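Colleague: Enclosed is the structure file work26.csv (CSV, C-alpha atoms).
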chain,number,residue,atom,x,y,z
A,1,MET,CA,-51.7,28.9,4.6
A,2,TYR,CA,-49.5,31.1,6.8
A,3,ALA,CA,-45.8,31.5,7.3
A,4,GLY,CA,-44.1,32.6,10.5
A,5,THR,CA,-40.6,33.9,11.1
A,6,ARG,CA,-38.8,35.8,13.8
A,7,ASP,CA,-36.1,38.5,14.1
A,8,GLU,CA,-32.9,38.6,16.1
A,9,ARG,CA,-34.7,39.7,19.2
A,10,LEU,CA,-37.1,36.7,18.9
A,11,CYS,CA,-40.0,39.0,17.9
A,12,PRO,CA,-42.3,36.9,15.6
A,13,ALA,CA,-43.7,37.9,12.2
A,14,GLN,CA,-46.3,36.2,10.1
A,15,THR,CA,-47.9,36.5,6.7
A,16,PHE,CA,-50.6,34.8,4.7
A,17,VAL,CA,-49.3,32.6,1.8
A,18,ILE,CA,-50.9,32.4,-1.6
A,19,GLY,CA,-50.0,29.0,-3.0
A,20,ALA,CA,-47.1,26.6,-2.5
A,21,VAL,CA,-45.3,23.9,-4.4
A,22,VAL,CA,-43.8,20.7,-2.9
A,23,HIS,CA,-40.7,19.8,-4.9
A,24,PRO,CA,-40.0,16.3,-6.2
A,25,ASP,CA,-37.4,15.7,-3.4
A,26,GLN,CA,-40.3,15.8,-0.9
A,27,GLU,CA,-38.1,17.8,1.4
A,28,THR,CA,-38.2,21.3,0.0
A,29,ILE,CA,-41.2,23.6,-0.5
A,30,THR,CA,-41.6,26.9,-2.2
A,31,PHE,CA,-44.3,29.2,-1.0
A,32,PHE,CA,-45.5,32.5,-2.4
A,33,VAL,CA,-45.8,35.7,-0.3
A,34,PRO,CA,-47.4,38.8,-1.7
A,35,GLU,CA,-44.8,41.6,-2.0
A,36,SER,CA,-46.8,43.8,0.4
A,37,ARG,CA,-45.9,41.4,3.2
A,38,SER,CA,-42.6,40.1,2.1
A,39,GLU,CA,-40.1,42.7,3.4
A,40,ARG,CA,-40.1,41.7,7.1
A,41,ILE,CA,-40.4,38.0,6.3
A,42,LEU,CA,-37.4,38.0,3.9
A,43,SER,CA,-35.3,40.1,6.3
A,44,ASP,CA,-35.9,37.5,9.0
A,45,LEU,CA,-35.2,34.6,6.7
A,46,LYS,CA,-32.0,36.1,5.5
A,47,SER,CA,-30.7,36.8,9.0
A,48,ASN,CA,-31.6,33.6,10.8
A,49,GLY,CA,-33.3,31.2,8.3
A,50,ARG,CA,-36.0,29.9,10.7
A,51,VAL,CA,-39.4,29.4,9.2
A,52,ALA,CA,-42.8,27.8,10.1
A,53,LEU,CA,-45.5,27.1,7.5
A,54,ALA,CA,-49.0,26.3,8.8
A,55,VAL,CA,-51.3,24.4,6.4
A,56,SER,CA,-54.9,23.5,7.1
A,57,LEU,CA,-58.1,22.3,5.7
A,58,LEU,CA,-61.5,23.8,6.5
A,59,THR,CA,-62.3,20.6,8.4
A,60,HIS,CA,-59.7,22.0,11.0
A,61,GLU,CA,-57.2,19.3,10.1
A,62,ALA,CA,-53.9,21.2,10.3
A,63,TYR,CA,-50.1,20.7,10.2
A,64,GLN,CA,-47.1,22.9,11.0
A,65,LEU,CA,-44.0,22.5,9.0
A,66,LYS,CA,-40.7,23.9,10.4
A,67,GLY,CA,-37.5,24.3,8.6
A,68,SER,CA,-34.7,26.4,7.2
A,69,TYR,CA,-34.7,29.0,4.5
A,70,ILE,CA,-32.8,28.2,1.3
A,71,SER,CA,-33.5,31.0,-1.3
A,72,SER,CA,-36.0,33.5,-2.7
A,73,ARG,CA,-36.8,35.0,-6.1
A,74,PRO,CA,-39.6,37.0,-7.8
A,75,THR,CA,-42.5,34.8,-8.8
A,76,ASP,CA,-42.8,33.8,-12.5
A,77,THR,CA,-45.7,32.9,-14.8
A,78,LYS,CA,-45.8,29.3,-13.6
A,79,ASP,CA,-45.9,30.4,-10.0
A,80,ARG,CA,-48.8,32.7,-10.8
A,81,THR,CA,-50.8,29.8,-12.2
A,82,VAL,CA,-50.2,27.9,-8.9
A,83,GLN,CA,-51.4,31.0,-7.0
A,84,GLU,CA,-54.5,31.3,-9.1
A,85,ILE,CA,-55.4,27.6,-8.6
A,86,TYR,CA,-54.9,28.0,-4.9
A,87,ARG,CA,-57.2,31.0,-4.8
A,88,SER,CA,-59.8,29.2,-6.7
A,89,LYS,CA,-59.6,26.1,-4.5
A,90,LEU,CA,-59.6,28.1,-1.3
A,91,LEU,CA,-62.8,30.0,-2.4
A,92,SER,CA,-64.5,26.7,-3.4
A,93,ALA,CA,-63.6,25.1,-0.1
A,94,MET,CA,-64.9,28.1,1.9
A,95,LEU,CA,-68.2,28.2,0.1
A,96,GLN,CA,-68.5,24.4,0.5
A,97,ALA,CA,-67.9,24.9,4.2
A,98,SER,CA,-70.8,27.3,4.3
A,99,TYR,CA,-68.8,30.5,4.7
A,100,PRO,CA,-71.2,33.4,3.7
A,101,GLU,CA,-70.5,34.4,0.1
A,102,GLN,CA,-70.4,38.1,1.0
A,103,ILE,CA,-67.4,37.3,3.1
A,104,ALA,CA,-65.7,34.5,1.3
A,105,ARG,CA,-65.6,36.0,-2.2
A,106,PRO,CA,-64.1,39.4,-1.3
A,107,LEU,CA,-61.8,37.8,1.3
A,108,VAL,CA,-60.2,35.5,-1.2
A,109,LEU,CA,-60.5,37.5,-4.4
A,110,GLY,CA,-59.4,40.7,-2.7
A,111,MET,CA,-56.0,39.3,-1.8
A,112,ALA,CA,-53.4,41.4,-3.6
A,113,TYR,CA,-51.4,38.2,-4.5
A,114,GLN,CA,-49.2,39.7,-7.2
A,115,PRO,CA,-46.4,40.8,-7.3
A,116,ALA,CA,-45.1,38.2,-5.0
A,117,VAL,CA,-41.9,36.5,-3.8
A,118,ALA,CA,-41.2,32.8,-4.0
A,119,MET,CA,-39.5,31.6,-0.9
A,120,THR,CA,-38.0,28.1,-0.7
A,121,PHE,CA,-37.2,26.2,2.5
A,122,ARG,CA,-36.1,22.7,3.6
A,123,VAL,CA,-38.7,21.0,5.9
A,124,GLU,CA,-37.1,19.6,9.0
A,125,GLU,CA,-40.0,18.8,11.2
A,126,ILE,CA,-43.7,18.3,10.9
A,127,PHE,CA,-46.2,18.8,13.7
A,128,LEU,CA,-49.9,18.0,14.0
A,129,GLN,CA,-51.9,21.3,14.5
A,130,THR,CA,-55.5,20.1,14.4
A,131,PRO,CA,-57.2,21.6,17.4
A,132,GLY,CA,-57.4,19.2,20.3
A,133,PRO,CA,-55.1,17.6,22.9
A,134,GLU,CA,-52.9,16.1,20.3
A,135,ALA,CA,-52.0,19.5,18.8
A,136,GLY,CA,-48.3,20.1,18.8
A,137,ARG,CA,-47.4,16.4,18.5
A,138,LYS,CA,-44.4,15.8,16.2
A,139,ILE,CA,-45.3,13.5,13.4
A,140,SER,CA,-42.2,13.6,11.3
B,1,MET,CA,-56.5,57.3,24.4
B,2,GLY,CA,-55.2,53.8,23.9
B,3,ILE,CA,-53.4,52.0,21.0
B,4,LEU,CA,-56.4,50.2,19.5
B,5,PRO,CA,-58.6,52.4,17.4
B,6,ASP,CA,-62.4,52.0,17.5
B,7,GLU,CA,-62.4,51.0,13.8
B,8,ILE,CA,-60.5,47.8,14.7
B,9,LYS,CA,-63.3,46.4,16.9
B,10,PRO,CA,-65.2,44.6,14.1
B,11,ALA,CA,-62.0,42.7,13.3
B,12,MET,CA,-62.2,41.2,16.8
B,13,GLN,CA,-65.6,39.7,16.6
B,14,GLY,CA,-64.4,36.3,15.4
B,15,VAL,CA,-66.2,36.5,12.1
B,16,ILE,CA,-63.0,35.7,10.2
B,17,PRO,CA,-60.3,33.7,12.1
B,18,SER,CA,-57.2,35.5,13.1
B,19,HIS,CA,-53.6,34.3,13.0
B,20,VAL,CA,-51.0,34.5,15.7
B,21,ALA,CA,-47.2,34.1,15.4
B,22,THR,CA,-45.0,33.3,18.4
B,23,CYS,CA,-41.4,32.2,18.9
B,24,SER,CA,-39.7,29.7,21.3
B,25,LEU,CA,-36.7,30.7,23.3
B,26,ASP,CA,-34.5,28.6,21.0
B,27,GLY,CA,-35.6,30.8,18.1
B,28,THR,CA,-38.2,28.5,16.4
B,29,PRO,CA,-41.2,30.5,15.1
B,30,ASN,CA,-44.8,29.1,15.2
B,31,VAL,CA,-47.9,30.4,13.5
B,32,THR,CA,-51.4,29.3,14.2
B,33,THR,CA,-55.1,30.1,13.5
B,34,VAL,CA,-57.2,31.4,16.4
B,35,SER,CA,-60.9,31.7,16.2
B,36,GLN,CA,-60.9,35.2,17.9
B,37,VAL,CA,-58.7,37.9,19.2
B,38,TYR,CA,-60.8,39.5,22.0
B,39,TYR,CA,-60.9,43.2,22.5
B,40,VAL,CA,-60.4,43.9,26.2
B,41,ASP,CA,-59.7,47.6,26.3
B,42,PRO,CA,-57.8,50.1,24.1
B,43,ASP,CA,-54.5,48.7,25.3
B,44,HIS,CA,-55.2,45.0,25.8
B,45,VAL,CA,-56.5,42.0,23.9
B,46,ALA,CA,-57.1,38.4,25.1
B,47,LEU,CA,-56.4,35.1,23.4
B,48,SER,CA,-57.9,31.9,24.5
B,49,TYR,CA,-55.9,29.2,26.2
B,50,GLN,CA,-57.7,25.9,25.4
B,51,PHE,CA,-54.9,23.3,25.1
B,52,PHE,CA,-51.2,23.4,26.2
B,53,ASN,CA,-50.1,23.8,22.6
B,54,LYS,CA,-47.0,25.3,21.1
B,55,THR,CA,-48.4,28.9,21.2
B,56,ILE,CA,-49.0,28.6,24.9
B,57,LYS,CA,-45.6,27.0,25.5
B,58,ASN,CA,-43.8,29.7,23.5
B,59,ILE,CA,-45.6,32.6,25.2
B,60,ARG,CA,-44.7,31.3,28.6
B,61,GLU,CA,-41.0,31.3,27.5
B,62,ASN,CA,-41.0,34.4,25.3
B,63,PRO,CA,-44.0,36.8,25.8
B,64,ARG,CA,-43.9,38.4,22.4
B,65,ALA,CA,-46.6,37.6,19.8
B,66,LEU,CA,-47.9,39.1,16.5
B,67,ALA,CA,-51.6,38.8,15.7
B,68,TRP,CA,-53.2,39.5,12.3
B,69,VAL,CA,-56.9,40.5,12.4
B,70,ILE,CA,-59.2,41.5,9.6
B,71,ASN,CA,-62.5,43.5,9.5
B,72,PRO,CA,-65.2,41.3,7.8
B,73,GLU,CA,-67.0,44.4,6.4
B,74,THR,CA,-64.2,46.5,5.0
B,75,PHE,CA,-61.5,43.7,4.8
B,76,GLU,CA,-58.9,46.1,6.2
B,77,SER,CA,-56.4,44.2,8.3
B,78,TRP,CA,-54.0,45.0,11.1
B,79,ASP,CA,-50.9,43.5,12.6
B,80,LEU,CA,-50.9,43.7,16.4
B,81,ALA,CA,-47.6,43.4,18.2
B,82,LEU,CA,-48.4,41.9,21.6
B,83,GLU,CA,-46.8,41.1,24.9
B,84,TYR,CA,-48.3,38.5,27.3
B,85,GLU,CA,-49.1,39.9,30.7
B,86,HIS,CA,-51.2,37.4,32.7
B,87,SER,CA,-53.9,34.8,32.6
B,88,GLU,CA,-57.4,34.9,34.0
B,89,THR,CA,-59.5,31.9,34.9
B,90,SER,CA,-62.6,33.8,36.1
B,91,GLY,CA,-64.1,37.2,35.8
B,92,PRO,CA,-65.9,39.2,33.1
B,93,VAL,CA,-63.3,38.7,30.3
B,94,PHE,CA,-63.2,34.9,31.0
B,95,ASP,CA,-67.0,34.6,31.1
B,96,VAL,CA,-67.5,36.4,27.8
B,97,MET,CA,-64.7,34.4,26.1
B,98,ASP,CA,-66.1,31.2,27.4
B,99,MET,CA,-69.5,31.9,26.1
B,100,GLN,CA,-68.2,33.0,22.7
B,101,ILE,CA,-66.0,29.9,22.4
B,102,GLU,CA,-69.0,27.7,23.1
B,103,ALA,CA,-70.9,29.5,20.3
B,104,ILE,CA,-68.0,29.2,17.9
B,105,ALA,CA,-67.5,25.5,18.8
B,106,SER,CA,-71.2,24.9,18.1
B,107,MET,CA,-71.1,26.7,14.8
B,108,THR,CA,-67.9,25.0,13.6
B,109,GLY,CA,-68.6,21.4,14.7
B,110,MET,CA,-66.0,21.6,17.4
B,111,LYS,CA,-68.3,21.3,20.5
B,112,GLY,CA,-66.6,19.3,23.2
B,113,ILE,CA,-63.2,20.0,21.7
B,114,PHE,CA,-63.0,23.8,22.2
B,115,LYS,CA,-62.9,24.5,25.9
B,116,LEU,CA,-61.5,27.6,27.6
B,117,ARG,CA,-58.9,27.0,30.3
B,118,ALA,CA,-57.9,30.6,30.7
B,119,SER,CA,-58.0,34.0,29.1
B,120,ASP,CA,-54.5,35.1,28.3
B,121,ILE,CA,-54.3,38.9,28.5
B,122,TYR,CA,-51.8,40.7,26.2
B,123,ARG,CA,-50.6,44.3,26.2
B,124,VAL,CA,-50.8,45.8,22.7
B,125,ILE,CA,-47.4,47.2,21.8
B,126,SER,CA,-48.5,48.5,18.4
B,127,ALA,CA,-51.4,48.2,16.0
B,128,THR,CA,-50.4,48.7,12.3
B,129,LYS,CA,-53.0,48.9,9.6
B,130,ASN,CA,-51.8,47.0,6.6
B,131,VAL,CA,-51.4,48.8,3.4
B,132,GLY,CA,-51.3,47.1,-0.1
B,133,GLU,CA,-52.3,43.6,0.9
B,134,ARG,CA,-55.9,44.0,-0.3
B,135,LEU,CA,-57.3,45.0,-3.7
B,136,PRO,CA,-59.9,47.8,-3.4
B,137,LEU,CA,-63.4,46.2,-3.2
B,138,SER,CA,-64.4,48.2,-6.2
B,139,GLU,CA,-61.8,46.3,-8.3
B,140,ILE,CA,-63.1,42.9,-7.5
B,141,ASP,CA,-65.6,41.2,-9.8
B,142,ILE,CA,-67.4,39.2,-7.1
B,143,ALA,CA,-69.9,37.6,-9.4
B,144,SER,CA,-67.4,36.1,-11.9
B,145,GLY,CA,-64.6,35.4,-9.4
B,146,THR,CA,-62.1,37.5,-11.3
B,147,THR,CA,-60.0,40.5,-10.3
Please express what this file holds, its structure, as structure tokens.
Modeller:
Amino acid sequence: MYAGTRDERLCPAQTFVIGAVVHPDQETITFFVPESRSERILSDLKSNGRVALAVSLLTHEAYQLKGSYISSRPTDTKDRTVQEIYRSKLLSAMLQASYPEQIARPLVLGMAYQPAVAMTFRVEEIFLQTPGPEAGRKIS
Amino acid sequence: MGILPDEIKPAMQGVIPSHVATCSLDGTPNVTTVSQVYYVDPDHVALSYQFFNKTIKNIRENPRALAWVINPETFESWDLALEYEHSETSGPVFDVMDMQIEAIASMTGMKGIFKLRASDIYRVISATKNVGERLPLSEIDIASGTT
């Protein structure tokens, strides 16, 4: 999972995301950004609020969610559990997809995912991002 | 001496996919996975143009991009601030990219879907080695899956 933002000069920024939660309203999502990459992202979100979240499976099926920033806070114990589940599932999926172990394990387990910042946004549009001629098609 | 250090080259071999963020003129960001950021020379990289997707549309409107690349041996990563310069549909850069995309497509089950239309050449504005986003390899218990 990856999040993208931009500053006032329309210079983009991006970060990897370690875990996310879809809230019961089905319209808002909280995603978790390691503190090491959060400064620029938060600065952009607080100044203009525009955010893109890319989610994908190792089958290449992928979606891009666009929306507006709502709030942020330090992650708590519950968030950390979500992050740990995400890491575990990501590693399993990579190994199942035949990623070499000597790359997949250090790549996933070596992410400094704590401390982190929980960032919440409202999803306004969803686009298909699976590679192919349909990539970019708005689906919601 | 250019902006890209020699030590960044392994991060541009397509072993681990890279990520590229762009922004439309109306201020909407976009972030996507790319199979490879190609090293062209110490001041330039290339990205593949395969479909007229959001990244390509954004870049034609607003030439700025940010790419994240990671070395598959040391797991050090870099943020590359880029500016689109031009596209090439033939020549040595295009030929090498075309061959590598064929190989990646074949390995990832995407043969017939991945097809190079152009090599988009970007000037590298800055290359920043990321600090603090990785745990030292010595701290990772690879066998048990814990940190």
Colleague: Tell me as a VMD selection string which residues belonging to chain A come within 8 Å of chain B, counting all atoms listed in the file.
Modeller: chain A and resid 2 to 6 10 to 14 34 36 to 37 50 to 54 64 66 103 105 to 107 109 to 113 131 to 133 135 to 136
Colleague: Neighbours of Met99 of chain B within 12 Å (all atoms listed in the file; same-chain residues fewer than 6 positions away dropped), as number ranges by chain?
Modeller: B: 48, 92-93, 105-106, 114-116
Colleague: Please report the interatomic distance between atom CA of Ala46 of chain B and atom CA of Gly2 of chain B in Å with one decimal.
Modeller: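 Interatomic distance, atom CA of Ala46 of chain B to atom CA of Gly2 of chain B: 15.6 Å.
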Colleague: Looking at A:Ala116, A:Ala104, A:Ile41, A:Ile139, which one is nearest to Leu91 of chain A, with distances taken over all atoms listed in the file?
Modeller: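 Among the listed residues, A:Ala104 lies closest to Leu91 of chain A.
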Colleague: Ser72 of chain A: which residues within 8 Å, counting only C-alpha atoms, same-chain residues fewer than 6 positions away excluded, as a list in words?
Modeller: Val117, Ala118, Met119 and Thr120 of chain A
Colleague: What's the separation between atom CA of Ala118 of chain B and atom CA of Val37 of chain B, in Å to one decimal place?
Modeller: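 Computed distance, atom CA of Ala118 of chain B to atom CA of Val37 of chain B, equals 13.6 Å.
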Colleague: For Arg137 of chain A, list every protein, DNA or RNA residue within 8 Å, evaluated using all atoms listed in the file, and leave out those in the same chain fewer than 5 positions away; present the list as a ChimeraX atom specification.
Modeller: /A:127-129
Colleague: In Å, with one decimal, what is the gap from atom CA of Arg87 of chain A to atom CA of Gly19 of chain A?
Modeller: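 Interatomic distance, atom CA of Arg87 of chain A to atom CA of Gly19 of chain A: 7.7 Å.
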Colleague: With all atoms listed in the file as the atoms that count, which of A:Ile70, A:Glu8, A:Lys89, A:Glu61 lies nearest to Gly49 of chain A?
Modeller: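 Counting all atoms listed in the file, the residue closest to Gly49 of chain A is A:Ile70.
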Colleague: Residues around (-51.9, 29.0, -5.0), cut-off 7 Å, counting only C-alpha atoms - what are they as a PyMOL selection string?
Modeller: chain A and resi 18-20+82-87
Colleague: Using all atoms listed in the file, which protein or nucleic acid residues come within 7 Å of Met1 of chain A? Drop anything in the same chain fewer than 3 positions from it, and give the result as a list in words.
Modeller: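 Surrounding residues, per the criterion: Phe16, Val17, Ala54, Val55 and Ser56 of chain A.
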Colleague: Save out the residues we just selected, C-alpha atoms, as a PDB file, in the coordinates of the input.
Modeller:
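Result went into out-v7.pdb, see below:
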ATOM      1  CA  PHE A  16     -50.600  34.800   4.700  1.00  0.00           C
ATOM      2  CA  VAL A  17     -49.300  32.600   1.800  1.00  0.00           C
ATOM      3  CA  ALA A  54     -49.000  26.300   8.800  1.00  0.00           C
ATOM      4  CA  VAL A  55     -51.300  24.400   6.400  1.00  0.00           C
ATOM      5  CA  SER A  56     -54.900  23.500   7.100  1.00  0.00           C
TER       6      SER A  56
END
Colleague: Mind checking which residues fall within 6 Å of Phe121 of chain A, counting all atoms listed in the file, ignoring those fewer than 5 positions away in the same chain, and posting them as a PyMOL selection string?
Modeller: chain A and resi 28-29+68-70
Colleague: Return the single residue from A:Pro74, A:Thr30, A:Gln96, A:Leu58 that is closest to Gln114 of chain A, with distances computed using only C-alpha atoms.
Modeller: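 Going through A:Pro74, A:Thr30, A:Gln96, A:Leu58 one by one, the smallest distance to Gln114 of chain A is for A:Pro74.
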Colleague: Can segment 70-96 of chain B be brought up to N, CA and C atoms and written out as a short mmCIF file (atom, residue, chain, number, x, y, z; two decimals), in the frame of the given file?
Modeller:
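Output (result.cif):
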data_model
loop_
_atom_site.label_atom_id
_atom_site.label_comp_id
_atom_site.auth_asym_id
_atom_site.auth_seq_id
_atom_site.Cartn_x
_atom_site.Cartn_y
_atom_site.Cartn_z
N ILE B 70 -58.65 40.86 10.79
CA ILE B 70 -59.20 41.50 9.60
C ILE B 70 -60.70 41.83 9.82
N ASN B 71 -61.08 43.01 9.36
CA ASN B 71 -62.50 43.50 9.50
C ASN B 71 -63.31 42.80 8.41
N PRO B 72 -64.39 42.11 8.81
CA PRO B 72 -65.20 41.30 7.80
C PRO B 72 -66.11 42.21 6.98
N GLU B 73 -66.14 43.50 7.24
CA GLU B 73 -67.00 44.40 6.40
C GLU B 73 -66.13 45.15 5.40
N THR B 74 -65.01 45.68 5.86
CA THR B 74 -64.20 46.50 5.00
C THR B 74 -62.97 45.69 4.43
N PHE B 75 -62.66 44.56 5.08
CA PHE B 75 -61.50 43.70 4.80
C PHE B 75 -60.17 44.43 4.96
N GLU B 76 -60.19 45.46 5.78
CA GLU B 76 -58.90 46.10 6.20
C GLU B 76 -58.34 45.19 7.30
N SER B 77 -57.01 45.05 7.30
CA SER B 77 -56.40 44.20 8.30
C SER B 77 -55.32 44.95 9.08
N TRP B 78 -55.01 44.39 10.25
CA TRP B 78 -54.00 45.00 11.10
C TRP B 78 -53.06 43.92 11.62
N ASP B 79 -51.82 44.34 11.87
CA ASP B 79 -50.90 43.50 12.60
C ASP B 79 -50.76 44.11 14.01
N LEU B 80 -50.97 43.26 15.00
CA LEU B 80 -50.90 43.70 16.40
C LEU B 80 -49.64 43.08 17.03
N ALA B 81 -48.70 43.92 17.44
CA ALA B 81 -47.60 43.40 18.20
C ALA B 81 -48.00 43.34 19.66
N LEU B 82 -47.84 42.17 20.28
CA LEU B 82 -48.40 41.90 21.60
C LEU B 82 -47.34 41.43 22.58
N GLU B 83 -47.62 41.66 23.87
CA GLU B 83 -46.80 41.10 24.90
C GLU B 83 -47.66 40.49 25.99
N TYR B 84 -47.45 39.22 26.28
CA TYR B 84 -48.30 38.50 27.30
C TYR B 84 -48.08 39.15 28.65
N GLU B 85 -49.21 39.37 29.35
CA GLU B 85 -49.10 39.90 30.70
C GLU B 85 -49.52 38.93 31.77
N HIS B 86 -50.72 38.34 31.65
CA HIS B 86 -51.20 37.40 32.70
C HIS B 86 -52.35 36.59 32.16
N SER B 87 -52.74 35.58 32.94
CA SER B 87 -53.90 34.80 32.60
C SER B 87 -55.00 34.93 33.60
N GLU B 88 -56.25 34.84 33.12
CA GLU B 88 -57.40 34.90 34.00
C GLU B 88 -58.25 33.67 33.85
N THR B 89 -58.68 33.08 34.97
CA THR B 89 -59.50 31.90 34.90
C THR B 89 -60.93 32.14 35.43
N SER B 90 -61.21 33.39 35.71
CA SER B 90 -62.60 33.80 36.10
C SER B 90 -62.69 35.29 35.86
N GLY B 91 -63.91 35.79 36.03
CA GLY B 91 -64.10 37.20 35.80
C GLY B 91 -64.80 37.51 34.51
N PRO B 92 -65.10 38.80 34.28
CA PRO B 92 -65.90 39.20 33.10
C PRO B 92 -65.28 38.81 31.77
N VAL B 93 -63.98 39.00 31.62
CA VAL B 93 -63.30 38.70 30.30
C VAL B 93 -63.43 37.18 30.08
N PHE B 94 -63.11 36.40 31.11
CA PHE B 94 -63.20 34.90 31.00
C PHE B 94 -64.59 34.49 30.65
N ASP B 95 -65.57 35.03 31.33
CA ASP B 95 -67.00 34.60 31.10
C ASP B 95 -67.42 34.87 29.68
N VAL B 96 -67.09 36.06 29.18
CA VAL B 96 -67.50 36.40 27.80
C VAL B 96 -66.80 35.51 26.80
#
